[in-house]
Every structure is written in C-alpha cells, then in structure tokens.
>>> print(open('final.txt').read())   # compact mmCIF, C-alpha atoms and all ligand atoms
# COMPACT_ATOMS: atom_id res chain seq x y z
CA MET C 1 33.36 8.65 -19.41
CA LEU C 2 37.01 7.88 -20.08
CA VAL C 3 38.15 6.90 -16.62
CA ASP C 4 38.36 3.32 -15.31
CA LEU C 5 35.81 3.56 -12.49
CA ASN C 6 37.62 0.87 -10.52
CA THR C 7 40.62 3.19 -10.05
CA LEU C 8 38.53 5.82 -8.23
CA LYS C 9 39.43 6.45 -4.59
CA THR C 10 35.89 6.59 -3.28
CA ALA C 11 34.58 6.07 0.21
CA GLY C 12 33.16 2.60 0.85
CA PRO C 13 29.82 1.68 2.34
CA THR C 14 29.26 1.29 6.06
CA ILE C 15 28.25 -2.35 6.26
CA THR C 16 26.04 -3.43 9.14
CA ALA C 17 24.51 -6.78 10.06
CA LEU C 18 21.29 -5.53 8.45
CA THR C 19 22.88 -4.49 5.14
CA ARG C 20 25.53 -7.23 4.81
CA PRO C 21 23.35 -9.49 2.58
CA PHE C 22 22.94 -6.60 0.12
CA TRP C 23 26.69 -5.92 -0.06
CA ASP C 24 27.62 -9.62 -0.21
CA ALA C 25 25.28 -10.04 -3.17
CA ALA C 26 26.59 -6.87 -4.83
CA ALA C 27 30.16 -8.21 -4.58
CA GLU C 28 28.96 -11.24 -6.55
CA GLY C 29 27.26 -9.09 -9.19
CA ARG C 30 23.75 -9.66 -7.87
CA LEU C 31 21.11 -7.23 -6.62
CA ALA C 32 19.46 -8.62 -3.50
CA ILE C 33 16.46 -6.90 -1.93
CA GLN C 34 14.22 -7.84 0.96
CA HIS C 35 10.78 -9.35 0.51
CA CYS C 36 8.08 -9.52 3.17
CA GLU C 37 6.79 -13.04 3.85
CA ASP C 38 3.55 -11.67 5.28
CA CYS C 39 2.36 -9.08 2.73
CA GLY C 40 4.54 -10.09 -0.22
CA LYS C 41 5.93 -6.62 -0.90
CA ALA C 42 9.51 -6.02 -1.95
CA VAL C 43 11.46 -3.71 0.36
CA PHE C 44 14.44 -1.47 -0.31
CA TYR C 45 16.51 0.02 1.42
CA PRO C 46 17.25 -2.73 3.96
CA ARG C 47 15.10 -2.51 7.08
CA PRO C 48 14.39 -4.64 10.16
CA ILE C 49 10.61 -4.43 9.64
CA CYS C 50 8.34 -4.24 6.60
CA PRO C 51 7.29 -0.60 5.94
CA ASN C 52 3.97 -1.87 4.55
CA CYS C 53 2.69 -4.21 7.29
CA TRP C 54 5.27 -3.97 10.11
CA SER C 55 6.15 -7.64 9.85
CA ARG C 56 9.64 -8.74 10.88
CA ARG C 57 9.54 -11.66 8.45
CA LEU C 58 11.75 -10.16 5.76
CA VAL C 59 13.84 -12.46 3.54
CA TRP C 60 16.49 -11.64 0.93
CA LYS C 61 15.90 -12.55 -2.71
CA ASP C 62 17.65 -11.64 -5.92
CA ALA C 63 15.89 -8.89 -7.87
CA SER C 64 15.19 -9.32 -11.57
CA GLY C 65 17.64 -6.55 -12.41
CA ARG C 66 14.99 -4.78 -14.48
CA GLY C 67 13.75 -1.28 -13.80
CA TRP C 68 13.10 2.12 -15.29
CA LEU C 69 14.55 5.56 -14.86
CA LYS C 70 12.35 7.65 -12.56
CA SER C 71 14.70 10.64 -12.31
CA PHE C 72 18.36 11.36 -12.89
CA SER C 73 21.05 13.98 -12.45
CA GLU C 74 24.34 14.58 -14.19
CA ILE C 75 26.95 15.16 -11.51
CA HIS C 76 29.60 17.76 -12.33
CA LYS C 77 30.72 18.56 -8.77
CA PRO C 78 30.82 15.32 -6.77
CA GLY C 79 30.15 15.38 -3.06
CA HIS C 80 33.36 13.38 -2.52
CA PRO C 81 36.62 14.32 -4.33
CA GLY C 82 37.27 10.66 -5.14
CA TRP C 83 34.59 10.87 -7.83
CA LEU C 84 36.13 13.90 -9.60
CA PRO C 85 38.03 11.89 -12.28
CA ALA C 86 34.71 10.36 -13.39
CA ALA C 87 32.75 13.64 -13.57
CA PRO C 88 30.46 14.34 -15.24
CA TYR C 89 28.62 11.12 -14.47
CA VAL C 90 24.99 10.21 -13.95
CA VAL C 91 23.14 8.99 -10.89
CA GLY C 92 19.47 8.14 -11.08
CA LEU C 93 16.44 6.94 -9.22
CA VAL C 94 15.66 3.48 -10.52
CA GLU C 95 12.19 2.07 -9.98
CA LEU C 96 12.80 -1.67 -9.77
CA ALA C 97 10.38 -4.06 -11.46
CA GLU C 98 9.68 -5.39 -7.94
CA GLY C 99 8.41 -1.94 -6.85
CA PRO C 100 11.00 -0.21 -4.64
CA THR C 101 13.05 2.74 -5.86
CA MET C 102 16.82 2.86 -5.41
CA LEU C 103 19.48 5.46 -6.10
CA SER C 104 22.12 4.07 -8.42
CA PHE C 105 25.04 4.89 -10.66
CA ILE C 106 23.81 4.98 -14.27
CA LEU C 107 26.15 3.90 -17.08
CA ALA C 108 24.73 6.47 -19.44
CA GLY C 109 26.64 5.72 -22.64
CA THR C 110 26.36 8.14 -25.54
CA ARG C 111 22.59 8.18 -26.08
CA PRO C 112 20.70 10.91 -24.12
CA LEU C 113 18.81 9.58 -21.11
CA HIS C 114 15.07 10.10 -20.71
CA ILE C 115 12.70 9.60 -17.80
CA GLY C 116 11.03 6.25 -18.36
CA ASP C 117 14.01 4.61 -20.04
CA MET C 118 14.11 0.90 -19.37
CA LEU C 119 17.19 -0.08 -17.38
CA ARG C 120 19.06 -3.27 -16.72
CA LEU C 121 21.31 -4.16 -13.78
CA ALA C 122 24.96 -3.70 -14.77
CA PRO C 123 27.24 -4.68 -11.88
CA THR C 124 30.27 -2.40 -12.11
CA ALA C 125 33.62 -2.30 -10.34
CA ILE C 126 33.89 1.17 -8.82
CA GLY C 127 36.61 2.16 -6.38
CA GLY C 128 37.67 -1.43 -5.76
CA ARG C 129 34.22 -2.88 -5.08
CA VAL C 130 31.38 -4.10 -7.29
CA LEU C 131 28.28 -1.92 -7.10
CA PRO C 132 24.83 -2.59 -8.58
CA ALA C 133 24.84 0.07 -11.29
CA PHE C 134 22.28 0.23 -14.10
CA LYS C 135 22.46 0.87 -17.82
CA PRO C 136 19.80 1.76 -20.36
CA VAL C 137 18.33 -1.03 -22.45
CA GLU C 138 19.14 -0.18 -26.05
CA PRO C 139 16.07 0.46 -28.24
CA GLY C 140 14.95 -2.72 -29.92
CA ALA C 141 16.66 -4.85 -27.28
CA GLU C 142 13.69 -4.77 -24.89
CA GLU C 143 12.58 -8.15 -23.70
CA LYS C 144 9.00 -9.17 -24.14
CA PRO C 145 6.92 -8.70 -20.96
CA LYS C 146 6.37 -11.92 -19.05
ZN ZN G 1 4.87 -6.73 4.84
>>> encode(input="final.txt", output="structure tokens", more="lines below")
Ligand SMILES: [Zn+2]
Amino acid sequence: MLVDLNTLKTAGPTITALTRPFWDAAAEGRLAIQHCEDCGKAVFYPRPICPNCWSRRLVWKDASGRGWLKSFSEIHKPGHPGWLPAAPYVVGLVELAEGPTMLSFILAGTRPLHIGDMLRLAPTAIGGRVLPAFKPVEPGAEEKPK
C-alpha cells in the first residue's frame, strides 16, 4: 500500500452516546471494549445490555490489543469511493484475546496473511481520524503466553 491512509476522504463514524467511549479511546490510540460486571464477559460491539446475561452493568476497559485473524478479505472495489486510492487493502475479522470478534482494517504488510495469524493492535490515522487497526505479529516476535 503506497498511499498515506490519513489523506483518504472516507466517511466518518456516526458517534452516539453509547459508542462515544469507543471512539474517544480510539482517538487516543486505545481499543476500549465493554465488560459485564455481572457475568464478566467482554462485549463488542457497544450495547446497552450484556448479550450474555442481559445485565445493564457494562463498563468500558482497555483491551489487551492482542487477537488473531479469524477471516479476511482483500478489497479491490471499496464500498465507498474514498477508499479507492488505498485499494487493494485488507479488512479482517479479529477475534480479540478477550473473546469478542471485531471487523478491522488489517495492515497486511508484504507477508501473505493466514487464518490464525496472531495480530496486534496498531492504531492508524485513516481519513483524518485514528482507527483501531491491527497488524500481524511477525514470526518469532510472539510474546510468551501469560
Ligand atoms: Zn453479562
């Protein structure tokens, strides 16, 4: 990818009271997800109630930024023309270490991607805002499990 992603003219998110903590954290280079104080499960996307136990006691916490690639797609024809200068680029389903899956921009690099690749949060300026993208962990750079 040769384009500076921050110069893209892409549509921004629709920020609501529910999702504002996510976007505020993203702007600071963090990935915040909800956690349920009753059942302990992590929750993403943002919701008013826990999808596991229906509790309303959801609190925001920073995620570890670790995950793995569950699925991915190389985008050649973006759904929004603002992304065209960056095409082809990769989006993927990232299973976070905390459990939830999120769709994210993947900074693929030159090495081919594979399902199961370990990923690391890589906050990236795209279209004038910082988004929680992910990048593959280079072989040999994996951290020891805790
Ligand atoms: Zn719960």
>>> residues_near_ligand(input="final.txt", ligand="ligand ZN 1 (chain G)", cutoff="8 Å", atoms="all atoms listed in the file", output="PyMOL selection string")
chain C and resi 35-41+49-58
>>> closest_residue(input="final.txt", among="C:Leu103, C:Ser71, C:Glu138, C:Arg129", to="Gly116 (chain C)", atoms="all atoms listed in the file")
C:Ser71
>>> closest_residue(input="final.txt", among="C:Pro48, C:Pro13, C:Gly92, C:Pro21", to="Phe72 (chain C)", atoms="all atoms listed in the file")
C:Gly92
>>> closest_residue(input="final.txt", among="C:Ala42, C:Leu18, C:Ala26, C:Leu84", to="Ala133 (chain C)", atoms="all atoms listed in the file")
C:Ala26
>>> atom_distance(input="final.txt", atom1="CA of Glu28 (chain C)", atom2="CA of Val130 (chain C)")
7.6 Å
>>> residues_around(input="final.txt", residues="Pro85 (chain C)", least_positions_apart="3", cutoff="9 Å", atoms="all atoms listed in the file", output="number ranges by chain")
C: 2-3, 5, 8, 81-82, 88
>>> residues_around(input="final.txt", residues="Lys9 (chain C)", least_positions_apart="3", cutoff="9 Å", atoms="only C-alpha atoms", output="compact mmCIF listing (two decimals) with C-alpha atoms, keeping the file's coordinate frame")
# COMPACT_ATOMS: atom_id res chain seq x y z
CA ASN C 6 37.62 0.87 -10.52
CA PRO C 81 36.62 14.32 -4.33
CA GLY C 82 37.27 10.66 -5.14
CA TRP C 83 34.59 10.87 -7.83
CA ILE C 126 33.89 1.17 -8.82
CA GLY C 127 36.61 2.16 -6.38
CA GLY C 128 37.67 -1.43 -5.76
>>> atom_distance(input="final.txt", atom1="CA of Ser104 (chain C)", atom2="CA of Trp60 (chain C)")
19.1 Å
>>> residues_around(input="final.txt", residues="Lys135 (chain C)", least_positions_apart="2", cutoff="6 Å", atoms="only C-alpha atoms", output="VMD selection string")
chain C and resid 106 to 107 119 to 120
>>> write_last_selection(input="final.txt", atoms="C-alpha atoms", output="tab-separated table (two decimals), in the frame of the given file")
chain	number	residue	atom	x	y	z
C	106	ILE	CA	23.81	4.98	-14.27
C	107	LEU	CA	26.15	3.90	-17.08
C	119	LEU	CA	17.19	-0.08	-17.38
C	120	ARG	CA	19.06	-3.27	-16.72
